[in-house]
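One file, data.cif, is given below (mmCIF, C-alpha atoms).
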data_target
#
loop_
_atom_site.group_PDB
_atom_site.id
_atom_site.type_symbol
_atom_site.label_atom_id
_atom_site.label_comp_id
_atom_site.auth_asym_id
_atom_site.auth_seq_id
_atom_site.Cartn_x
_atom_site.Cartn_y
_atom_site.Cartn_z
ATOM 1 C CA MET A 270 14.785 68.639 -46.208
ATOM 2 C CA GLN A 271 15.190 67.280 -42.700
ATOM 3 C CA LYS A 272 11.899 66.370 -41.118
ATOM 4 C CA SER A 273 10.484 64.895 -37.964
ATOM 5 C CA THR A 274 7.415 62.778 -38.604
ATOM 6 C CA PHE A 275 4.914 60.851 -36.528
ATOM 7 C CA MET A 276 2.481 58.610 -38.354
ATOM 8 C CA TYR A 277 -0.239 56.390 -36.904
ATOM 9 C CA VAL A 278 -2.913 54.259 -38.546
ATOM 10 C CA THR A 279 -5.938 52.846 -36.792
ATOM 11 C CA TYR A 280 -9.131 51.223 -38.018
ATOM 12 C CA ILE A 281 -12.390 52.065 -36.270
ATOM 13 C CA ARG A 282 -15.778 50.431 -36.733
ATOM 14 C CA THR A 283 -17.768 53.583 -37.470
ATOM 15 C CA THR A 284 -18.644 55.804 -40.425
ATOM 16 C CA PRO A 285 -16.475 58.597 -41.849
ATOM 17 C CA GLU A 286 -19.163 61.121 -40.826
ATOM 18 C CA LYS A 287 -19.232 59.935 -37.194
ATOM 19 C CA LEU A 288 -15.457 59.865 -37.020
ATOM 20 C CA TRP A 289 -15.228 63.350 -38.497
ATOM 21 C CA ALA A 290 -17.663 64.624 -35.858
ATOM 22 C CA ALA A 291 -15.642 62.948 -33.115
ATOM 23 C CA LEU A 292 -12.430 64.564 -34.387
ATOM 24 C CA THR A 293 -13.859 68.077 -34.569
ATOM 25 C CA LYS A 294 -16.815 68.562 -32.219
ATOM 26 C CA PRO A 295 -16.372 69.574 -28.585
ATOM 27 C CA GLU A 296 -18.964 67.149 -27.182
ATOM 28 C CA PHE A 297 -16.662 64.364 -28.409
ATOM 29 C CA THR A 298 -13.168 65.787 -27.940
ATOM 30 C CA ARG A 299 -14.000 66.581 -24.312
ATOM 31 C CA GLN A 300 -14.439 62.862 -23.702
ATOM 32 C CA TYR A 301 -11.251 61.406 -25.221
ATOM 33 C CA PHE A 302 -8.858 64.320 -25.862
ATOM 34 C CA PHE A 303 -8.147 65.321 -22.249
ATOM 35 C CA ASN A 304 -11.290 67.440 -21.961
ATOM 36 C CA THR A 305 -10.104 69.895 -24.631
ATOM 37 C CA THR A 306 -12.169 71.607 -27.296
ATOM 38 C CA GLN A 307 -11.266 73.187 -30.640
ATOM 39 C CA GLU A 308 -12.252 76.659 -31.787
ATOM 40 C CA SER A 309 -12.438 77.235 -35.507
ATOM 41 C CA ASP A 310 -14.808 78.167 -38.330
ATOM 42 C CA TRP A 311 -13.434 75.100 -40.109
ATOM 43 C CA LYS A 312 -12.780 76.827 -43.443
ATOM 44 C CA PRO A 313 -9.448 76.989 -45.315
ATOM 45 C CA GLY A 314 -7.409 79.839 -43.847
ATOM 46 C CA ALA A 315 -9.525 80.023 -40.678
ATOM 47 C CA SER A 316 -7.708 80.171 -37.367
ATOM 48 C CA TRP A 317 -7.708 77.036 -35.221
ATOM 49 C CA LYS A 318 -7.154 76.707 -31.499
ATOM 50 C CA MET A 319 -7.207 73.850 -29.026
ATOM 51 C CA LYS A 320 -8.448 74.975 -25.603
ATOM 52 C CA ALA A 321 -7.912 73.520 -22.155
ATOM 53 C CA PRO A 322 -10.889 73.314 -19.773
ATOM 54 C CA ASP A 323 -9.843 76.605 -18.120
ATOM 55 C CA GLY A 324 -10.075 78.404 -21.485
ATOM 56 C CA SER A 325 -6.331 78.716 -22.087
ATOM 57 C CA THR A 326 -5.013 77.884 -25.544
ATOM 58 C CA THR A 327 -2.883 74.736 -25.590
ATOM 59 C CA ASP A 328 -2.141 74.729 -29.338
ATOM 60 C CA GLY A 329 -2.965 77.142 -32.159
ATOM 61 C CA GLY A 330 -2.674 77.611 -35.871
ATOM 62 C CA GLU A 331 -4.752 77.523 -39.000
ATOM 63 C CA VAL A 332 -6.897 75.246 -41.137
ATOM 64 C CA LEU A 333 -4.811 74.547 -44.260
ATOM 65 C CA GLU A 334 -7.116 72.073 -46.030
ATOM 66 C CA ILE A 335 -10.534 70.754 -45.146
ATOM 67 C CA ASP A 336 -12.571 68.189 -47.063
ATOM 68 C CA PRO A 337 -15.161 66.634 -44.740
ATOM 69 C CA PRO A 338 -15.347 63.791 -43.969
ATOM 70 C CA ARG A 339 -12.084 62.809 -45.724
ATOM 71 C CA ARG A 340 -9.227 65.128 -44.888
ATOM 72 C CA LEU A 341 -8.239 67.846 -42.484
ATOM 73 C CA VAL A 342 -4.835 69.533 -42.483
ATOM 74 C CA LEU A 343 -3.894 71.956 -39.715
ATOM 75 C CA LYS A 344 -0.979 74.261 -39.112
ATOM 76 C CA TRP A 345 -0.282 73.489 -35.443
ATOM 77 C CA ARG A 346 1.945 75.217 -32.908
ATOM 78 C CA HIS A 347 2.189 74.296 -29.251
ATOM 79 C CA GLU A 348 1.409 77.323 -27.079
ATOM 80 C CA LEU A 349 2.134 76.284 -23.497
ATOM 81 C CA LYS A 350 5.820 75.424 -23.146
ATOM 82 C CA PRO A 351 8.148 78.134 -24.552
ATOM 83 C CA GLU A 352 10.748 75.694 -25.879
ATOM 84 C CA LEU A 353 8.071 73.927 -27.908
ATOM 85 C CA THR A 354 6.409 77.153 -29.077
ATOM 86 C CA ALA A 355 9.841 78.243 -30.317
ATOM 87 C CA GLU A 356 9.917 75.303 -32.745
ATOM 88 C CA GLY A 357 7.181 77.006 -34.734
ATOM 89 C CA TYR A 358 4.405 75.452 -36.793
ATOM 90 C CA SER A 359 3.989 71.773 -37.477
ATOM 91 C CA ARG A 360 1.545 70.223 -39.918
ATOM 92 C CA MET A 361 -1.072 67.755 -38.705
ATOM 93 C CA THR A 362 -3.175 65.716 -41.142
ATOM 94 C CA TYR A 363 -6.200 63.514 -40.436
ATOM 95 C CA SER A 364 -7.037 61.257 -43.419
ATOM 96 C CA LEU A 365 -10.197 59.151 -43.300
ATOM 97 C CA GLU A 366 -10.839 56.290 -45.745
ATOM 98 C CA GLN A 367 -13.663 53.775 -45.779
ATOM 99 C CA ALA A 368 -12.215 50.275 -45.297
ATOM 100 C CA GLY A 369 -15.054 47.745 -45.462
ATOM 101 C CA ALA A 370 -17.213 48.245 -42.397
ATOM 102 C CA SER A 371 -14.507 50.339 -40.743
ATOM 103 C CA VAL A 372 -12.812 53.637 -41.322
ATOM 104 C CA LYS A 373 -9.046 53.803 -41.674
ATOM 105 C CA LEU A 374 -7.786 56.893 -39.844
ATOM 106 C CA THR A 375 -4.248 58.028 -40.617
ATOM 107 C CA VAL A 376 -2.717 60.739 -38.454
ATOM 108 C CA MET A 377 0.439 62.382 -39.771
ATOM 109 C CA HIS A 378 2.135 65.015 -37.619
ATOM 110 C CA GLU A 379 5.243 66.603 -39.177
ATOM 111 C CA MET A 380 7.777 69.317 -38.478
ATOM 112 C CA ASP A 381 10.284 70.622 -41.010
ATOM 113 C CA LYS A 382 13.321 70.036 -38.837
ATOM 114 C CA ALA A 383 15.131 67.006 -37.519
ATOM 115 C CA GLY A 384 14.900 66.093 -33.832
ATOM 116 C CA SER A 385 11.712 68.069 -33.094
ATOM 117 C CA LYS A 386 10.808 67.930 -29.412
ATOM 118 C CA LEU A 387 7.190 68.632 -30.292
ATOM 119 C CA ILE A 388 7.002 65.595 -32.559
ATOM 120 C CA GLU A 389 8.778 63.522 -29.915
ATOM 121 C CA GLY A 390 6.179 64.626 -27.375
ATOM 122 C CA VAL A 391 3.130 64.032 -29.551
ATOM 123 C CA SER A 392 4.483 60.608 -30.539
ATOM 124 C CA GLY A 393 3.766 59.557 -26.968
ATOM 125 C CA GLY A 394 0.481 61.424 -26.792
ATOM 126 C CA TRP A 395 -1.306 60.420 -29.984
ATOM 127 C CA PRO A 396 -1.519 56.618 -29.389
ATOM 128 C CA PRO A 397 -3.531 56.819 -26.136
ATOM 129 C CA ILE A 398 -5.742 59.611 -27.539
ATOM 130 C CA LEU A 399 -6.497 57.622 -30.699
ATOM 131 C CA ALA A 400 -7.042 54.423 -28.685
ATOM 132 C CA SER A 401 -9.492 56.324 -26.490
ATOM 133 C CA LEU A 402 -11.287 57.753 -29.558
ATOM 134 C CA LYS A 403 -11.665 54.219 -30.946
ATOM 135 C CA SER A 404 -13.037 52.944 -27.624
ATOM 136 C CA LEU A 405 -15.478 55.870 -27.489
ATOM 137 C CA LEU A 406 -16.837 55.245 -30.988
ATOM 138 C CA GLU A 407 -16.996 51.457 -30.656
ATOM 139 C CA THR A 408 -18.121 51.047 -27.037
ATOM 140 C CA GLY A 409 -19.564 54.427 -26.047
ATOM 141 C CA GLN A 410 -16.840 54.915 -23.425
ATOM 142 C CA PRO A 411 -13.413 56.516 -23.854
ATOM 143 C CA LEU A 412 -10.394 55.244 -21.922
ATOM 144 C CA GLU A 413 -10.178 56.689 -18.410
ATOM 145 C CA GLU A 414 -6.561 57.689 -19.018
ATOM 146 C CA THR A 415 -7.459 60.409 -21.547
ATOM 147 C CA ARG A 416 -10.686 61.803 -20.109
ATOM 148 C CA HIS A 417 -9.272 64.523 -17.945
ATOM 149 C CA TRP A 418 -6.959 67.464 -18.517
ATOM 150 C CA LYS A 419 -3.536 66.780 -17.067
ATOM 151 C CA GLY A 420 -1.702 70.026 -17.564
ATOM 152 C CA GLY A 421 1.221 68.854 -19.666
ATOM 153 C CA CYS A 422 -0.974 66.671 -21.847
ATOM 154 C CA LYS A 423 -0.123 64.768 -24.995
ATOM 155 C CA GLY A 424 3.320 64.062 -23.541
ATOM 156 C CA GLU A 425 4.498 67.509 -24.616
ATOM 157 C CA MET B 94 21.350 45.005 -46.079
ATOM 158 C CA LYS B 95 18.930 47.552 -44.726
ATOM 159 C CA LYS B 96 16.681 46.406 -41.897
ATOM 160 C CA LEU B 97 13.460 48.011 -40.799
ATOM 161 C CA GLU B 98 11.824 48.332 -37.443
ATOM 162 C CA LEU B 99 8.128 48.978 -36.870
ATOM 163 C CA VAL B 100 6.706 49.859 -33.491
ATOM 164 C CA TYR B 101 2.985 49.977 -32.843
ATOM 165 C CA VAL B 102 1.545 51.062 -29.497
ATOM 166 C CA THR B 103 -2.083 50.785 -28.519
ATOM 167 C CA TYR B 104 -4.174 50.792 -25.361
ATOM 168 C CA ILE B 105 -6.919 48.240 -24.855
ATOM 169 C CA ARG B 106 -9.546 48.136 -22.128
ATOM 170 C CA THR B 107 -8.851 44.577 -20.948
ATOM 171 C CA THR B 108 -6.526 42.671 -18.609
ATOM 172 C CA PRO B 109 -3.035 41.354 -19.459
ATOM 173 C CA LYS B 110 -4.313 37.775 -19.053
ATOM 174 C CA LYS B 111 -7.166 38.270 -21.522
ATOM 175 C CA LEU B 112 -4.901 40.032 -23.988
ATOM 176 C CA TRP B 113 -2.286 37.277 -23.706
ATOM 177 C CA ALA B 114 -5.006 34.680 -24.342
ATOM 178 C CA ALA B 115 -6.273 36.639 -27.347
ATOM 179 C CA ILE B 116 -2.787 36.519 -28.886
ATOM 180 C CA THR B 117 -1.864 32.934 -28.032
ATOM 181 C CA GLU B 118 -5.126 30.955 -28.227
ATOM 182 C CA PRO B 119 -6.317 30.203 -31.776
ATOM 183 C CA LYS B 120 -9.981 30.094 -30.715
ATOM 184 C CA PHE B 121 -9.630 33.818 -29.968
ATOM 185 C CA ALA B 122 -7.053 34.895 -32.543
ATOM 186 C CA SER B 123 -9.042 33.409 -35.418
ATOM 187 C CA GLN B 124 -11.883 35.787 -34.553
ATOM 188 C CA TYR B 125 -9.863 38.909 -35.251
ATOM 189 C CA TRP B 126 -6.855 37.744 -37.306
ATOM 190 C CA ALA B 127 -8.495 36.773 -40.598
ATOM 191 C CA GLY B 128 -9.510 33.279 -39.496
ATOM 192 C CA ARG B 129 -5.998 32.266 -38.560
ATOM 193 C CA GLY B 130 -4.517 31.712 -35.113
ATOM 194 C CA ASN B 131 -1.102 31.567 -33.520
ATOM 195 C CA ILE B 132 -0.359 27.926 -32.814
ATOM 196 C CA SER B 133 2.359 26.786 -30.438
ATOM 197 C CA ASP B 134 2.894 25.285 -27.006
ATOM 198 C CA TRP B 135 4.568 28.630 -26.226
ATOM 199 C CA LYS B 136 7.678 27.123 -24.647
ATOM 200 C CA LYS B 137 11.009 28.710 -25.435
ATOM 201 C CA GLY B 138 12.497 27.050 -28.522
ATOM 202 C CA SER B 139 9.202 25.595 -29.723
ATOM 203 C CA PRO B 140 7.962 26.234 -33.239
ATOM 204 C CA TRP B 141 5.162 28.684 -33.851
ATOM 205 C CA TYR B 142 2.748 28.834 -36.785
ATOM 206 C CA HIS B 143 0.318 31.483 -37.937
ATOM 207 C CA SER B 144 -2.301 29.390 -39.665
ATOM 208 C CA GLU B 145 -5.776 27.901 -39.516
ATOM 209 C CA GLU B 146 -5.982 25.122 -36.964
ATOM 210 C CA GLY B 147 -5.136 21.751 -38.466
ATOM 211 C CA LYS B 148 -3.492 23.348 -41.504
ATOM 212 C CA LEU B 149 0.044 23.978 -40.284
ATOM 213 C CA ASP B 150 1.459 23.075 -43.693
ATOM 214 C CA GLU B 151 -0.444 26.060 -45.106
ATOM 215 C CA ALA B 152 0.844 28.473 -42.474
ATOM 216 C CA CYS B 153 1.471 31.925 -43.898
ATOM 217 C CA VAL B 154 4.012 32.765 -41.192
ATOM 218 C CA VAL B 155 6.301 30.415 -39.265
ATOM 219 C CA GLY B 156 8.892 30.882 -36.554
ATOM 220 C CA GLU B 157 10.139 30.003 -33.132
ATOM 221 C CA VAL B 158 9.279 31.117 -29.618
ATOM 222 C CA LEU B 159 12.311 33.082 -28.433
ATOM 223 C CA GLU B 160 10.927 34.258 -25.083
ATOM 224 C CA SER B 161 7.626 33.650 -23.338
ATOM 225 C CA LYS B 162 6.821 35.378 -20.038
ATOM 226 C CA PRO B 163 3.047 35.354 -19.673
ATOM 227 C CA PRO B 164 1.289 37.663 -19.474
ATOM 228 C CA LYS B 165 3.996 40.324 -20.005
ATOM 229 C CA ARG B 166 6.332 39.527 -22.874
ATOM 230 C CA LEU B 167 6.353 37.274 -25.911
ATOM 231 C CA VAL B 168 9.148 37.274 -28.486
ATOM 232 C CA LEU B 169 8.860 35.284 -31.709
ATOM 233 C CA SER B 170 10.987 34.861 -34.778
ATOM 234 C CA TRP B 171 8.933 35.444 -37.931
ATOM 235 C CA ALA B 172 9.425 34.202 -41.489
ATOM 236 C CA ASP B 173 7.418 33.681 -44.644
ATOM 237 C CA PRO B 174 7.666 29.913 -45.357
ATOM 238 C CA ASP B 175 8.527 30.819 -48.987
ATOM 239 C CA SER B 176 11.567 32.835 -47.834
ATOM 240 C CA PRO B 177 12.683 30.936 -44.735
ATOM 241 C CA LYS B 178 16.076 32.632 -44.479
ATOM 242 C CA GLU B 179 14.568 36.111 -44.094
ATOM 243 C CA ILE B 180 13.914 35.996 -40.403
ATOM 244 C CA SER B 181 12.545 38.966 -38.520
ATOM 245 C CA ARG B 182 11.538 39.297 -34.899
ATOM 246 C CA VAL B 183 8.296 40.297 -33.188
ATOM 247 C CA THR B 184 8.040 41.370 -29.554
ATOM 248 C CA PHE B 185 4.725 41.792 -27.729
ATOM 249 C CA GLU B 186 4.962 43.756 -24.468
ATOM 250 C CA LEU B 187 1.893 44.044 -22.255
ATOM 251 C CA GLU B 188 1.819 46.596 -19.449
ATOM 252 C CA PRO B 189 -1.261 47.205 -17.314
ATOM 253 C CA HIS B 190 -2.399 50.778 -16.544
ATOM 254 C CA ASP B 191 -5.600 51.224 -14.522
ATOM 255 C CA ASP B 192 -8.427 49.620 -16.496
ATOM 256 C CA MET B 193 -6.386 49.065 -19.636
ATOM 257 C CA VAL B 194 -3.297 47.406 -21.053
ATOM 258 C CA ASN B 195 -0.617 49.221 -23.016
ATOM 259 C CA LEU B 196 0.337 46.836 -25.832
ATOM 260 C CA ARG B 197 3.582 47.563 -27.619
ATOM 261 C CA VAL B 198 4.414 45.468 -30.685
ATOM 262 C CA THR B 199 7.914 45.802 -32.113
ATOM 263 C CA HIS B 200 8.678 44.089 -35.405
ATOM 264 C CA ASN B 201 12.332 44.440 -36.312
ATOM 265 C CA GLN B 202 15.106 42.926 -38.390
ATOM 266 C CA ILE B 203 12.756 43.138 -41.385
ATOM 267 C CA LYS B 204 14.525 43.183 -44.721
ATOM 268 C CA ALA B 205 13.816 46.499 -46.439
ATOM 269 C CA GLY B 206 11.874 46.115 -49.689
ATOM 270 C CA SER B 207 10.770 42.536 -48.913
ATOM 271 C CA GLU B 208 7.215 41.168 -49.194
ATOM 272 C CA THR B 209 7.234 40.898 -45.401
ATOM 273 C CA ALA B 210 8.065 44.608 -45.100
ATOM 274 C CA LYS B 211 5.121 45.493 -47.325
ATOM 275 C CA ASN B 212 2.672 43.093 -45.677
ATOM 276 C CA VAL B 213 3.428 43.877 -42.056
ATOM 277 C CA SER B 214 3.543 47.644 -42.374
ATOM 278 C CA ARG B 215 -0.006 47.462 -43.680
ATOM 279 C CA GLY B 216 -0.955 44.463 -41.545
ATOM 280 C CA TRP B 217 -0.029 45.375 -37.970
ATOM 281 C CA PRO B 218 -2.282 48.463 -37.655
ATOM 282 C CA LEU B 219 -5.150 46.411 -39.096
ATOM 283 C CA VAL B 220 -4.592 43.317 -36.935
ATOM 284 C CA LEU B 221 -4.040 45.302 -33.739
ATOM 285 C CA SER B 222 -7.086 47.509 -34.392
ATOM 286 C CA SER B 223 -9.084 44.327 -34.947
ATOM 287 C CA LEU B 224 -7.684 42.797 -31.716
ATOM 288 C CA LYS B 225 -8.719 45.894 -29.754
ATOM 289 C CA SER B 226 -12.233 45.760 -31.207
ATOM 290 C CA PHE B 227 -12.438 42.031 -30.402
ATOM 291 C CA LEU B 228 -11.478 42.513 -26.748
ATOM 292 C CA GLU B 229 -13.602 45.629 -26.216
ATOM 293 C CA THR B 230 -16.726 44.753 -28.239
ATOM 294 C CA GLY B 231 -16.574 40.976 -28.679
ATOM 295 C CA LYS B 232 -16.141 41.315 -32.428
ATOM 296 C CA GLY B 233 -12.981 41.765 -34.495
ATOM 297 C CA LEU B 234 -12.766 43.893 -37.639
ATOM 298 C CA MET B 235 -11.279 41.499 -40.169
ATOM 299 C CA VAL B 236 -13.197 38.865 -42.073
ATOM 300 C CA SER B 237 -10.596 38.201 -44.742
ATOM 301 C CA CYS B 238 -6.841 38.031 -44.713
ATOM 302 C CA GLY B 239 -5.236 41.464 -44.456
ATOM 303 C CA HIS B 240 -2.475 40.328 -46.769
ATOM 304 C CA ASP B 241 -4.807 40.168 -49.780
#
Show me this structure written as structure tokens.
Amino acid sequence: MQKSTFMYVTYIRTTPEKLWAALTKPEFTRQYFFNTTQESDWKPGASWKMKAPDGSTTDGGEVLEIDPPRRLVLKWRHELKPELTAEGYSRMTYSLEQAGASVKLTVMHEMDKAGSKLIEGVSGGWPPILASLKSLLETGQPLEETRHWKGGCKGE
Amino acid sequence: MKKLELVYVTYIRTTPKKLWAAITEPKFASQYWAGRGNISDWKKGSPWYHSEEGKLDEACVVGEVLESKPPKRLVLSWADPDSPKEISRVTFELEPHDDMVNLRVTHNQIKAGSETAKNVSRGWPLVLSSLKSFLETGKGLMVSCGHD
């Protein structure tokens, strides 16, 4: 099957539990993920939404797998730009593995079609978000670049 | 022969000059790159070694400086001394944005299935994460060689 895939690995000096909290809890995502929050009950099959500061839904889908603090798999569809919404659901996986005194975070974002514009967009967006997350956990401060909502965020 | 290209992009709260120094001065690189530094006079055409200082004959990577434009762009050829004909190429590009630097590392012309392919696909995310931690917190992540 044709696929579009984005994969990124980073190592962060933290614990899996702290990283898991930073990936899922609003008091963290507001700081490094463009001031967005996520709405979900965090159970398999539960709905999942990413919300902009004004309350609008930027992305939506479902929790496919959840195994805290090791693995989260989401069904993920962009909800703001019609041409990206039309691509349908992608699959986004966070995998967390202890690596000495650090945690190895692997982000895999995939779409079951070649040439996905969504995957192209998030390929530009994930690196600064993940860099900002690492700075937040290691220094207490995210990167300025990803603090604030920018409208067309994540390069989408 | 199939060739691979890896691209790794990160953003580090630092200046281009400090980041350039962290890559090219062994007293810094050894703190985040498993005790080894990048040793060269950094002139175009000069040799380059990735090794502990004073142990160039035990370098685990060797090559040549292809381009050096501090603090923006550094291009090196890269080879395992045990397979000197398999030469790949590494480009560091440093672009400032506000209070941070966008670092883009491109490693291409890697022979598919080689030891280098295996080592660097695992190694770059580790080394560059360690470099970011070093510049932002004063301490790198790696205490032993990422190749092990």
Interface, chain B side, toward chain A (12 Å; all atoms listed in the file) as a PyMOL selection string: chain B and resi 99-107+189-197+214-237+239
Would you mind listing what lies within 12 Å of Lys294 (chain A) as a ChimeraX atom specification, with all atoms listed in the file counted and same-chain residues fewer than 2 positions away left out? /A:286-292,296-302,304-311,319
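For the pair CA of Met276 (chain A) and CA of Glu379 (chain A), the separation is 8.5 Å.
Counting all atoms listed in the file and comparing A:Ser325, A:Lys419, A:Arg346, A:Pro338, the residue that lies closest to Val372 (chain A) is A:Pro338.
Residues matched by the PyMOL selection byres ((chain B and resi 123-139) around 6) in this structure: Thr117, Pro119, Lys120, Phe121, Ala122, Pro140, Trp141, Tyr142, His143, Ser144, Glu145, Glu157, Val158, Leu159, Glu160, Ser223, Leu224, Gly233, Met235, Val236, Ser237 and Cys238 of chain B.
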Students should find that CA of Thr375 (chain A) and CA of Val213 (chain B) are spaced 16.2 Å
What is the distance between CA of Glu352 (chain A) and CA of Lys386 (chain A), in Å to one decimal?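 Calculated distance between CA of Glu352 (chain A) and CA of Lys386 (chain A) is 8.5 Å.
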Can you list, as a list in words, the residues that the PyMOL selection byres ((chain A and resi 349) around 10) selects here? Ser325, Thr326, Thr327, Asp328, Arg346, His347, Glu348, Lys350, Pro351, Glu352, Leu353, Thr354, Gly420, Gly421 and Glu425 of chain A
Selection as a list in words: residues within 8 Å of (15.2, 68.6, -43.9), counting all atoms listed in the file: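 The requested residues, written out, are Met270, Gln271, Lys272, Asp381, Lys382 and Ala383 of chain A.
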Write to file, as a short mmCIF file (atom, residue, chain, number, x, y, z; two decimals), in the frame of the given file, the residues of the selection just made, with C-alpha atoms.
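What ended up in part_3.cif:
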data_model
loop_
_atom_site.label_atom_id
_atom_site.label_comp_id
_atom_site.auth_asym_id
_atom_site.auth_seq_id
_atom_site.Cartn_x
_atom_site.Cartn_y
_atom_site.Cartn_z
CA MET A 270 14.78 68.64 -46.21
CA GLN A 271 15.19 67.28 -42.70
CA LYS A 272 11.90 66.37 -41.12
CA ASP A 381 10.28 70.62 -41.01
CA LYS A 382 13.32 70.04 -38.84
CA ALA A 383 15.13 67.01 -37.52
#
Contacts of Pro177 (chain B) within 12 Å, all atoms listed in the file, excl. fewer than 2 positions in-chain, as a list of chain:residue names: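 With the cut-off at 12 Å, the set is B:Cys153, B:Val154, B:Val155, B:Gly156, B:Glu157, B:Ser170, B:Trp171, B:Ala172, B:Asp173, B:Pro174, B:Asp175, B:Glu179, B:Ile180, B:Ser181, B:Thr209.
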Could you tell me which residues the PyMOL selection byres ((chain A and resi 365) around 6) grabs in this file, written as a list in words? Arg339, Ser364, Glu366, Lys373 and Leu374 of chain A
Padded axis-aligned box of region 122-141 of chain B (5 Å per side), centre and edge lengths, Å, one decimal, as AutoDock Vina command-line options:
--center_x 0.3 --center_y 32.1 --center_z -32.6 --size_x 34.4 --size_y 23.6 --size_z 26.0
